[in-house]
>>> print(open('upload.cif').read())   # mmCIF, C-alpha atoms
data_upload
loop_
_atom_site.label_atom_id
_atom_site.label_comp_id
_atom_site.auth_asym_id
_atom_site.auth_seq_id
_atom_site.Cartn_x
_atom_site.Cartn_y
_atom_site.Cartn_z
CA MET N 1 -2.94 29.98 -12.35
CA SER N 2 -5.00 30.10 -9.16
CA TRP N 3 -3.92 30.74 -5.61
CA PHE N 4 -5.80 29.93 -2.43
CA THR N 5 -4.97 32.22 0.48
CA LEU N 6 -4.85 30.44 3.82
CA SER N 7 -5.90 32.02 7.10
CA ASN N 8 -2.25 32.72 7.94
CA GLY N 9 -1.80 34.66 4.69
CA GLU N 10 0.28 32.05 2.89
CA LYS N 11 -0.85 30.87 -0.53
CA LEU N 12 -1.32 27.43 -2.03
CA TYR N 13 -1.28 26.86 -5.77
CA TYR N 14 -4.28 24.98 -7.13
CA GLU N 15 -6.01 24.13 -10.39
CA ASP N 16 -9.77 23.82 -10.74
CA LYS N 17 -10.82 22.04 -13.93
CA GLY N 18 -13.97 20.50 -15.33
CA GLN N 19 -17.63 20.52 -14.52
CA GLY N 20 -20.20 17.97 -13.54
CA PRO N 21 -22.34 16.77 -10.68
CA ASP N 22 -19.30 15.53 -8.73
CA THR N 23 -16.31 17.30 -7.21
CA ILE N 24 -13.07 15.46 -6.55
CA ILE N 25 -10.04 16.80 -4.70
CA MET N 26 -6.82 14.89 -5.42
CA MET N 27 -3.80 15.26 -3.13
CA HIS N 28 -0.24 14.29 -3.96
CA GLY N 29 2.45 12.59 -1.89
CA TRP N 30 5.62 13.67 -0.11
CA THR N 31 8.08 15.46 -2.46
CA SER N 32 5.57 15.22 -5.33
CA THR N 33 3.32 17.96 -6.78
CA HIS N 34 -0.09 18.39 -8.38
CA ASP N 35 1.57 17.56 -11.71
CA ILE N 36 1.21 13.84 -11.04
CA TYR N 37 -2.54 14.18 -11.65
CA LEU N 38 -2.43 16.27 -14.83
CA LYS N 39 -2.80 13.34 -17.24
CA PRO N 40 -5.69 11.65 -15.34
CA VAL N 41 -7.45 15.02 -15.03
CA GLU N 42 -7.49 15.32 -18.83
CA THR N 43 -9.99 12.44 -18.77
CA LEU N 44 -11.73 13.07 -15.45
CA GLN N 45 -12.54 16.74 -16.08
CA GLU N 46 -15.13 15.63 -18.62
CA GLN N 47 -16.99 13.93 -15.80
CA ALA N 48 -16.36 15.97 -12.66
CA ARG N 49 -14.95 19.15 -11.20
CA CYS N 50 -11.32 18.27 -10.43
CA ILE N 51 -9.30 20.21 -7.88
CA ILE N 52 -5.58 19.51 -7.55
CA TYR N 53 -3.11 21.54 -5.51
CA ASP N 54 0.42 21.68 -4.13
CA HIS N 55 0.81 21.12 -0.41
CA ARG N 56 2.80 23.58 1.69
CA GLY N 57 6.48 23.52 0.82
CA HIS N 58 5.88 21.60 -2.40
CA GLY N 59 6.00 22.71 -6.04
CA LYS N 60 4.43 26.09 -6.67
CA SER N 61 3.44 26.26 -2.99
CA ARG N 62 7.11 25.95 -2.02
CA ASN N 63 7.12 29.35 -0.33
CA ALA N 64 4.23 28.44 1.97
CA ASN N 65 6.80 27.19 4.44
CA SER N 66 6.46 28.99 7.76
CA GLY N 67 6.76 27.09 11.00
CA ASN N 68 7.06 23.33 11.21
CA PRO N 69 3.96 21.98 9.46
CA THR N 70 2.56 18.62 10.49
CA MET N 71 0.03 16.27 8.96
CA GLU N 72 -2.60 18.05 11.04
CA THR N 73 -1.51 21.31 9.40
CA LEU N 74 -2.12 19.84 5.94
CA ALA N 75 -5.52 18.54 7.04
CA GLY N 76 -6.34 22.07 8.22
CA ASP N 77 -5.31 23.42 4.82
CA LEU N 78 -7.64 20.96 3.13
CA HIS N 79 -10.47 22.02 5.45
CA GLU N 80 -9.86 25.68 4.53
CA ILE N 81 -9.98 24.83 0.83
CA ILE N 82 -13.25 22.91 1.18
CA GLN N 83 -14.80 25.72 3.20
CA GLY N 84 -13.28 28.55 1.16
CA LEU N 85 -14.46 27.13 -2.17
CA SER N 86 -17.89 26.26 -0.66
CA LEU N 87 -17.53 22.59 -1.56
CA SER N 88 -19.78 19.77 -0.42
CA ASN N 89 -20.45 16.16 -1.40
CA VAL N 90 -16.73 15.87 -2.20
CA THR N 91 -14.88 12.76 -3.30
CA LEU N 92 -11.57 13.01 -1.47
CA LEU N 93 -8.60 11.22 -3.03
CA GLY N 94 -5.19 10.99 -1.43
CA TRP N 95 -2.14 9.12 -2.68
CA SER N 96 0.74 8.31 -0.31
CA MET N 97 1.12 11.30 2.06
CA GLY N 98 -2.11 12.65 0.54
CA ALA N 99 -3.93 9.62 1.97
CA GLY N 100 -2.46 10.49 5.34
CA VAL N 101 -3.95 13.96 4.93
CA VAL N 102 -7.34 12.34 4.28
CA LEU N 103 -7.16 10.30 7.49
CA ASN N 104 -6.13 13.35 9.51
CA TYR N 105 -8.97 15.32 7.94
CA VAL N 106 -11.47 12.64 8.98
CA ARG N 107 -10.06 12.57 12.51
CA LEU N 108 -10.19 16.36 12.91
CA PHE N 109 -13.21 17.41 10.83
CA GLY N 110 -15.33 14.33 10.18
CA CYS N 111 -17.01 13.36 6.93
CA ASP N 112 -19.95 15.79 6.72
CA SER N 113 -18.55 17.49 3.59
CA LEU N 114 -17.63 14.22 1.91
CA LYS N 115 -19.39 11.85 -0.46
CA GLN N 116 -16.70 9.17 -0.52
CA ILE N 117 -12.98 8.55 -0.08
CA ILE N 118 -10.28 7.04 -2.28
CA LEU N 119 -7.08 6.06 -0.47
CA CYS N 120 -4.08 5.22 -2.66
CA ASP N 121 -1.24 2.97 -1.48
CA MET N 122 -0.70 4.24 2.04
CA THR N 123 -0.51 2.73 5.50
CA PRO N 124 -2.27 4.26 8.53
CA LYS N 125 0.89 3.63 10.60
CA GLN N 126 4.40 3.90 9.14
CA LEU N 127 6.50 2.49 11.96
CA ASN N 128 6.43 -1.29 12.32
CA ASP N 129 6.66 -3.10 15.64
CA ASN N 130 6.01 -6.54 17.13
CA GLU N 131 2.26 -6.20 16.54
CA TRP N 132 2.16 -4.16 13.30
CA LYS N 133 3.87 -5.34 10.11
CA LEU N 134 1.99 -3.29 7.49
CA GLY N 135 4.04 -0.12 7.75
CA LEU N 136 6.81 1.45 5.70
CA TYR N 137 9.10 -0.68 3.49
CA GLN N 138 6.68 -3.62 3.62
CA GLY N 139 6.99 -4.14 7.35
CA LYS N 140 10.74 -3.62 7.70
CA TYR N 141 10.98 -0.03 9.00
CA THR N 142 10.98 0.29 12.78
CA LYS N 143 11.64 2.92 15.44
CA GLU N 144 15.24 1.68 15.54
CA ASN N 145 15.62 2.33 11.79
CA MET N 146 14.21 5.82 12.27
CA GLU N 147 16.70 6.54 15.06
CA ARG N 148 19.60 5.37 12.87
CA ASP N 149 18.33 7.55 10.01
CA ALA N 150 18.60 10.59 12.25
CA GLY N 151 22.34 10.56 11.66
CA LYS N 152 22.12 10.55 7.85
CA ASP N 153 22.13 13.60 5.60
CA PHE N 154 18.80 14.50 4.04
CA PHE N 155 19.73 13.68 0.44
CA THR N 156 20.75 10.15 1.43
CA LEU N 157 17.44 9.67 3.22
CA TYR N 158 15.53 10.91 0.19
CA LYS N 159 17.51 8.66 -2.15
CA ASP N 160 16.67 5.65 0.04
CA PHE N 161 13.00 6.64 -0.05
CA ALA N 162 13.03 7.11 -3.84
CA ILE N 163 14.62 3.70 -4.40
CA GLY N 164 12.10 2.17 -2.02
CA ALA N 165 9.25 3.69 -4.01
CA VAL N 166 10.75 2.77 -7.40
CA PRO N 167 13.13 -0.20 -6.91
CA LYS N 168 14.47 -0.09 -10.49
CA LEU N 169 16.26 3.16 -9.56
CA LYS N 170 18.73 1.01 -7.63
CA LYS N 171 20.18 -0.13 -10.96
CA ILE N 172 21.06 3.44 -11.98
CA PRO N 173 24.62 4.52 -11.09
CA GLY N 174 24.63 6.99 -8.23
CA PHE N 175 26.25 9.79 -10.22
CA LEU N 176 23.44 9.57 -12.80
CA LEU N 177 20.65 9.30 -10.23
CA LYS N 178 21.86 12.27 -8.19
CA LYS N 179 20.86 14.98 -10.68
CA PRO N 180 17.13 14.10 -11.12
CA LEU N 181 16.73 13.53 -7.39
CA LYS N 182 18.35 16.88 -6.62
CA GLU N 183 16.04 18.54 -9.16
CA ARG N 184 13.01 16.98 -7.45
CA LEU N 185 14.15 18.21 -4.06
CA ALA N 186 14.78 21.69 -5.48
CA ASN N 187 11.01 21.95 -6.07
CA CYS N 188 10.38 21.61 -2.35
CA ASP N 189 11.35 23.30 0.89
CA GLU N 190 13.67 20.97 2.77
CA ALA N 191 12.60 22.08 6.24
CA VAL N 192 8.94 21.38 5.37
CA LEU N 193 9.83 17.94 3.99
CA LYS N 194 11.72 17.05 7.17
CA SER N 195 8.88 18.25 9.38
CA LEU N 196 6.21 16.33 7.45
CA SER N 197 8.33 13.18 7.30
CA ALA N 198 8.75 13.23 11.08
CA SER N 199 5.04 13.90 11.54
CA MET N 200 4.02 10.96 9.34
CA LYS N 201 6.33 8.57 11.17
CA ALA N 202 4.97 9.68 14.55
CA GLN N 203 1.34 9.03 13.63
CA ASP N 204 -0.95 6.07 14.15
CA ASN N 205 -4.10 6.73 12.14
CA ARG N 206 -5.65 3.30 12.62
CA PRO N 207 -8.35 4.73 14.93
CA ALA N 208 -9.25 7.32 12.26
CA VAL N 209 -10.01 4.51 9.81
CA GLY N 210 -12.85 3.43 12.07
CA GLN N 211 -14.21 7.00 12.14
CA ILE N 212 -14.91 7.04 8.39
CA THR N 213 -18.64 7.31 7.69
CA VAL N 214 -18.62 7.35 3.87
CA PRO N 215 -17.78 4.65 1.30
CA VAL N 216 -14.08 3.94 0.74
CA THR N 217 -12.11 2.62 -2.22
CA TYR N 218 -8.49 1.56 -1.76
CA PHE N 219 -6.07 1.55 -4.71
CA TYR N 220 -3.00 -0.58 -4.08
CA ALA N 221 0.14 -1.58 -5.93
CA ASP N 222 0.99 -5.24 -6.48
CA PRO N 223 3.69 -6.41 -5.88
CA GLY N 224 4.09 -2.95 -4.35
CA SER N 225 7.26 -1.33 -3.09
CA LEU N 226 6.86 0.89 -0.03
CA PHE N 227 3.76 -0.85 1.31
CA SER N 228 2.37 -4.36 1.36
CA PRO N 229 -0.61 -5.34 -0.81
CA ALA N 230 -1.95 -6.98 2.38
CA LEU N 231 -3.08 -3.51 3.51
CA ALA N 232 -6.07 -3.96 1.20
CA ASP N 233 -7.34 -6.76 3.43
CA TRP N 234 -6.59 -4.83 6.63
CA TYR N 235 -8.67 -1.91 5.41
CA ARG N 236 -11.46 -4.32 4.46
CA GLU N 237 -11.53 -5.63 8.03
CA HIS N 238 -11.50 -2.22 9.71
CA ILE N 239 -13.59 0.07 7.51
CA VAL N 240 -17.21 -0.08 8.60
CA THR N 241 -18.71 1.53 5.48
CA PRO N 242 -19.00 0.04 1.96
CA TYR N 243 -15.49 -0.81 0.80
CA ARG N 244 -13.81 -1.88 -2.41
CA ALA N 245 -10.15 -2.58 -3.20
CA VAL N 246 -8.64 -2.02 -6.65
CA ARG N 247 -5.40 -3.80 -7.55
CA PHE N 248 -2.83 -2.16 -9.80
CA PRO N 249 -0.74 -5.09 -11.07
CA LYS N 250 2.93 -4.72 -12.00
CA SER N 251 3.04 -1.44 -10.13
CA THR N 252 5.32 0.28 -7.68
CA HIS N 253 4.24 2.86 -5.14
CA MET N 254 4.07 5.27 -8.08
CA LEU N 255 0.82 3.72 -9.33
CA VAL N 256 -0.58 7.08 -10.47
CA SER N 257 2.27 7.60 -12.92
CA ASP N 258 2.92 3.90 -13.58
CA HIS N 259 -0.64 3.43 -14.88
CA PRO N 260 -2.21 6.87 -15.53
CA ASP N 261 -4.90 5.52 -17.89
CA LYS N 262 -5.99 2.77 -15.51
CA PHE N 263 -5.88 5.26 -12.66
CA ALA N 264 -8.23 7.62 -14.52
CA GLN N 265 -10.54 4.74 -15.46
CA GLU N 266 -10.77 3.47 -11.89
CA VAL N 267 -11.39 6.93 -10.43
CA SER N 268 -14.07 7.46 -13.09
CA ALA N 269 -15.69 4.19 -12.06
CA VAL N 270 -15.75 5.30 -8.42
CA LEU N 271 -17.38 8.59 -9.39
CA ARG N 272 -20.00 6.81 -11.48
CA GLY N 273 -20.65 4.29 -8.73
#
>>> encode(input="upload.cif", output="structure tokens")
Amino acid sequence: MSWFTLSNGEKLYYEDKGQGPDTIIMMHGWTSTHDIYLKPVETLQEQARCIIYDHRGHGKSRNANSGNPTMETLAGDLHEIIQGLSLSNVTLLGWSMGAGVVLNYVRLFGCDSLKQIILCDMTPKQLNDNEWKLGLYQGKYTKENMERDAGKDFFTLYKDFAIGAVPKLKKIPGFLLKKPLKERLANCDEAVLKSLSASMKAQDNRPAVGQITVPVTYFYADPGSLFSPALADWYREHIVTPYRAVRFPKSTHMLVSDHPDKFAQEVSAVLRG
């Protein structure tokens, strides 16, 4: 077990595995943990140095929960890790919220320490409006939906999110679904989850996409669940560096765990390329 001490004294759990000419940092999504990358890392560590960690308030970093962290806070944590471990020429991979961390990192710190970026199934703007239909729930989640959600209890909101990410969960009776969802939430700090959820919904990272100065690969789920596959084309139109999109067919938002072998193969291909 390894712990990275942040400038405020709090500690983040991380694992550092493998060797090679490349270094890749892989960041998980909201309510997830570093565990989602354990199977792919079994393959990737033969090719590269793989760093995976738990964000504040998540998993083994659950007690790093002071204040009301935002997406900018998580980007600052990533910057401290890169600087503290003396990393350079890094491939930065973010899935879901982790991709939002990548975009905030680019906006705040630039790309000087990076070799390339892999974004996984994430929109730069969650709230949809009259001009933007590539946000949360495949274009159906608006400011009005967010305001109505403010009156719901947190478990109900999380259940809605989980079913959105994995639609087949809707077929499971509520009394059976409640236990595994409660167990997942027990691994996280609720106040941190609420703060980060609000921060993500408030952001518009479309300008940050244009600030990227390194090659980008976008992994996307098809038919998808939370986000539209059409985001792949939007990124193609707005990223000014070399860009490639990789489709994960028959996948939900959980493409990392839906197709762990394909995920490892595609990340390996990016590293080789």
>>> closest_atom_pairs(input="upload.cif", of="region 93-198 of chain N", to="region 212-218 of chain N", cutoff="7 Å", atoms="all atoms listed in the file", output="Markdown table")
| residue | atom | partner | partner_atom | distance |
| --- | --- | --- | --- | --- |
| N:Val106 | CA | N:Ile212 | CA | 6.6 |
| N:Cys111 | CA | N:Thr213 | CA | 6.3 |
| N:Lys115 | CA | N:Val214 | CA | 6.3 |
| N:Gln116 | CA | N:Pro215 | CA | 5.0 |
| N:Ile117 | CA | N:Val216 | CA | 4.8 |
| N:Ile118 | CA | N:Thr217 | CA | 4.8 |
| N:Leu119 | CA | N:Tyr218 | CA | 4.9 |
| N:Cys120 | CA | N:Tyr218 | CA | 5.8 |
>>> resolve_selection(input="upload.cif", expression="the PyMOL selection byres ((chain N and resi 260-270) around 8)", output="NGL selection string")
:N and (39-41 or 43-44 or 47 or 217 or 246 or 255-259 or 271-273)
>>> write_last_selection(input="upload.cif", atoms="C-alpha atoms", output="PDB file, in the frame of the given file")
ATOM      1  CA  LYS N  39      -2.800  13.340 -17.240  1.00  0.00           C
ATOM      2  CA  PRO N  40      -5.690  11.650 -15.340  1.00  0.00           C
ATOM      3  CA  VAL N  41      -7.450  15.020 -15.030  1.00  0.00           C
ATOM      4  CA  THR N  43      -9.990  12.440 -18.770  1.00  0.00           C
ATOM      5  CA  LEU N  44     -11.730  13.070 -15.450  1.00  0.00           C
ATOM      6  CA  GLN N  47     -16.990  13.930 -15.800  1.00  0.00           C
ATOM      7  CA  THR N 217     -12.110   2.620  -2.220  1.00  0.00           C
ATOM      8  CA  VAL N 246      -8.640  -2.020  -6.650  1.00  0.00           C
ATOM      9  CA  LEU N 255       0.820   3.720  -9.330  1.00  0.00           C
ATOM     10  CA  VAL N 256      -0.580   7.080 -10.470  1.00  0.00           C
ATOM     11  CA  SER N 257       2.270   7.600 -12.920  1.00  0.00           C
ATOM     12  CA  ASP N 258       2.920   3.900 -13.580  1.00  0.00           C
ATOM     13  CA  HIS N 259      -0.640   3.430 -14.880  1.00  0.00           C
ATOM     14  CA  LEU N 271     -17.380   8.590  -9.390  1.00  0.00           C
ATOM     15  CA  ARG N 272     -20.000   6.810 -11.480  1.00  0.00           C
ATOM     16  CA  GLY N 273     -20.650   4.290  -8.730  1.00  0.00           C
TER      17      GLY N 273
END
>>> atom_distance(input="upload.cif", atom1="CA of Met200 (chain N)", atom2="CA of Lys125 (chain N)")
8.1 Å
>>> closest_residue(input="upload.cif", among="N:Gln126, N:Trp132, N:Ser61, N:Ile25", to="Asn89 (chain N)", atoms="all atoms listed in the file")
N:Ile25
>>> residues_around(input="upload.cif", residues="Gln19 (chain N)", least_positions_apart="5", cutoff="8 Å", atoms="all atoms listed in the file", output="list in words")
Gln45, Glu46, Gln47, Ala48, Arg49 and Cys50 of chain N
>>> resolve_selection(input="upload.cif", expression="the PyMOL selection byres ((chain N and resi 220) around 6)", output="list in words")
Asp121, Phe219, Ala221, Arg247 and Phe248 of chain N
>>> atom_distance(input="upload.cif", atom1="CA of Trp234 (chain N)", atom2="CA of Arg206 (chain N)")
10.1 Å
>>> resolve_selection(input="upload.cif", expression="the PyMOL selection byres ((chain N and resi 80) around 12)", output="list in words")
Phe4, Thr5, Leu6, Ser7, Asn8, Lys11, Leu12, Thr73, Leu74, Ala75, Gly76, Asp77, Leu78, His79, Ile81, Ile82, Gln83, Gly84, Leu85, Ser86, Leu87, Tyr105, Phe109 and Ser113 of chain N
>>> write_last_selection(input="upload.cif", atoms="C-alpha atoms", output="compact mmCIF listing (two decimals), in the frame of the given file")
# COMPACT_ATOMS: atom_id res chain seq x y z
CA PHE N 4 -5.80 29.93 -2.43
CA THR N 5 -4.97 32.22 0.48
CA LEU N 6 -4.85 30.44 3.82
CA SER N 7 -5.90 32.02 7.10
CA ASN N 8 -2.25 32.72 7.94
CA LYS N 11 -0.85 30.87 -0.53
CA LEU N 12 -1.32 27.43 -2.03
CA THR N 73 -1.51 21.31 9.40
CA LEU N 74 -2.12 19.84 5.94
CA ALA N 75 -5.52 18.54 7.04
CA GLY N 76 -6.34 22.07 8.22
CA ASP N 77 -5.31 23.42 4.82
CA LEU N 78 -7.64 20.96 3.13
CA HIS N 79 -10.47 22.02 5.45
CA ILE N 81 -9.98 24.83 0.83
CA ILE N 82 -13.25 22.91 1.18
CA GLN N 83 -14.80 25.72 3.20
CA GLY N 84 -13.28 28.55 1.16
CA LEU N 85 -14.46 27.13 -2.17
CA SER N 86 -17.89 26.26 -0.66
CA LEU N 87 -17.53 22.59 -1.56
CA TYR N 105 -8.97 15.32 7.94
CA PHE N 109 -13.21 17.41 10.83
CA SER N 113 -18.55 17.49 3.59
>>> closest_residue(input="upload.cif", among="N:Ala202, N:Val209, N:Gly98, N:Tyr14", to="Leu38 (chain N)", atoms="all atoms listed in the file")
N:Tyr14
>>> closest_residue(input="upload.cif", among="N:Ser228, N:Asn68, N:Thr33, N:Asn205", to="Ser251 (chain N)", atoms="all atoms listed in the file")
N:Ser228
>>> residues_around(input="upload.cif", residues="region 140-156 of chain N", least_positions_apart="4", cutoff="8 Å", atoms="all atoms listed in the file", output="MDAnalysis selection string")
chainID N and resid 126:129 133 135:136 160 182
>>> atom_distance(input="upload.cif", atom1="CA of Leu92 (chain N)", atom2="CA of Gly139 (chain N)")
26.8 Å
>>> closest_residue(input="upload.cif", among="N:Gly110, N:Gly67, N:Gly94, N:Gly210", to="Trp30 (chain N)", atoms="all atoms listed in the file")
N:Gly94
>>> closest_residue(input="upload.cif", among="N:Ser197, N:Thr252, N:Asn187, N:Ser88", to="Pro21 (chain N)", atoms="only C-alpha atoms")
N:Ser88
>>> build_atoms(input="upload.cif", residues="region 156-177 of chain N", atoms="N, CA and C atoms", output="compact mmCIF listing (two decimals), keeping the file's coordinate frame")
# COMPACT_ATOMS: atom_id res chain seq x y z
N THR N 156 20.64 11.61 1.33
CA THR N 156 20.75 10.15 1.43
C THR N 156 19.42 9.53 1.85
N LEU N 157 18.75 10.16 2.80
CA LEU N 157 17.44 9.67 3.22
C LEU N 157 16.44 9.71 2.07
N TYR N 158 16.46 10.80 1.31
CA TYR N 158 15.53 10.91 0.19
C TYR N 158 15.85 9.88 -0.89
N LYS N 159 17.13 9.66 -1.16
CA LYS N 159 17.51 8.66 -2.15
C LYS N 159 17.02 7.28 -1.73
N ASP N 160 17.16 6.94 -0.46
CA ASP N 160 16.67 5.65 0.04
C ASP N 160 15.16 5.54 -0.16
N PHE N 161 14.46 6.63 0.12
CA PHE N 161 13.00 6.64 -0.05
C PHE N 161 12.64 6.46 -1.52
N ALA N 162 13.32 7.19 -2.42
CA ALA N 162 13.03 7.11 -3.84
C ALA N 162 13.26 5.71 -4.37
N ILE N 163 14.34 5.07 -3.95
CA ILE N 163 14.62 3.70 -4.40
C ILE N 163 13.59 2.74 -3.81
N GLY N 164 13.15 3.01 -2.60
CA GLY N 164 12.10 2.17 -2.02
C GLY N 164 10.80 2.27 -2.79
N ALA N 165 10.49 3.48 -3.26
CA ALA N 165 9.25 3.69 -4.01
C ALA N 165 9.35 3.14 -5.43
N VAL N 166 10.54 3.24 -6.03
CA VAL N 166 10.75 2.77 -7.40
C VAL N 166 12.03 1.93 -7.41
N PRO N 167 11.94 0.64 -7.09
CA PRO N 167 13.13 -0.20 -6.91
C PRO N 167 14.09 -0.23 -8.10
N LYS N 168 13.59 -0.04 -9.32
CA LYS N 168 14.47 -0.09 -10.49
C LYS N 168 15.52 1.04 -10.47
N LEU N 169 15.28 2.08 -9.67
CA LEU N 169 16.26 3.16 -9.56
C LEU N 169 17.58 2.66 -8.97
N LYS N 170 17.53 1.55 -8.24
CA LYS N 170 18.73 1.01 -7.63
C LYS N 170 19.76 0.60 -8.68
N LYS N 171 19.29 0.30 -9.89
CA LYS N 171 20.18 -0.13 -10.96
C LYS N 171 20.89 1.04 -11.65
N ILE N 172 20.46 2.26 -11.36
CA ILE N 172 21.06 3.44 -11.98
C ILE N 172 22.28 3.87 -11.17
N PRO N 173 23.43 4.07 -11.83
CA PRO N 173 24.62 4.52 -11.09
C PRO N 173 24.33 5.80 -10.29
N GLY N 174 24.91 5.88 -9.13
CA GLY N 174 24.63 6.99 -8.23
C GLY N 174 24.88 8.35 -8.84
N PHE N 175 25.94 8.48 -9.64
CA PHE N 175 26.25 9.79 -10.22
C PHE N 175 25.20 10.21 -11.25
N LEU N 176 24.50 9.24 -11.85
CA LEU N 176 23.44 9.57 -12.80
C LEU N 176 22.11 9.84 -12.08
N LEU N 177 21.90 9.15 -10.98
CA LEU N 177 20.65 9.30 -10.23
C LEU N 177 20.63 10.61 -9.44
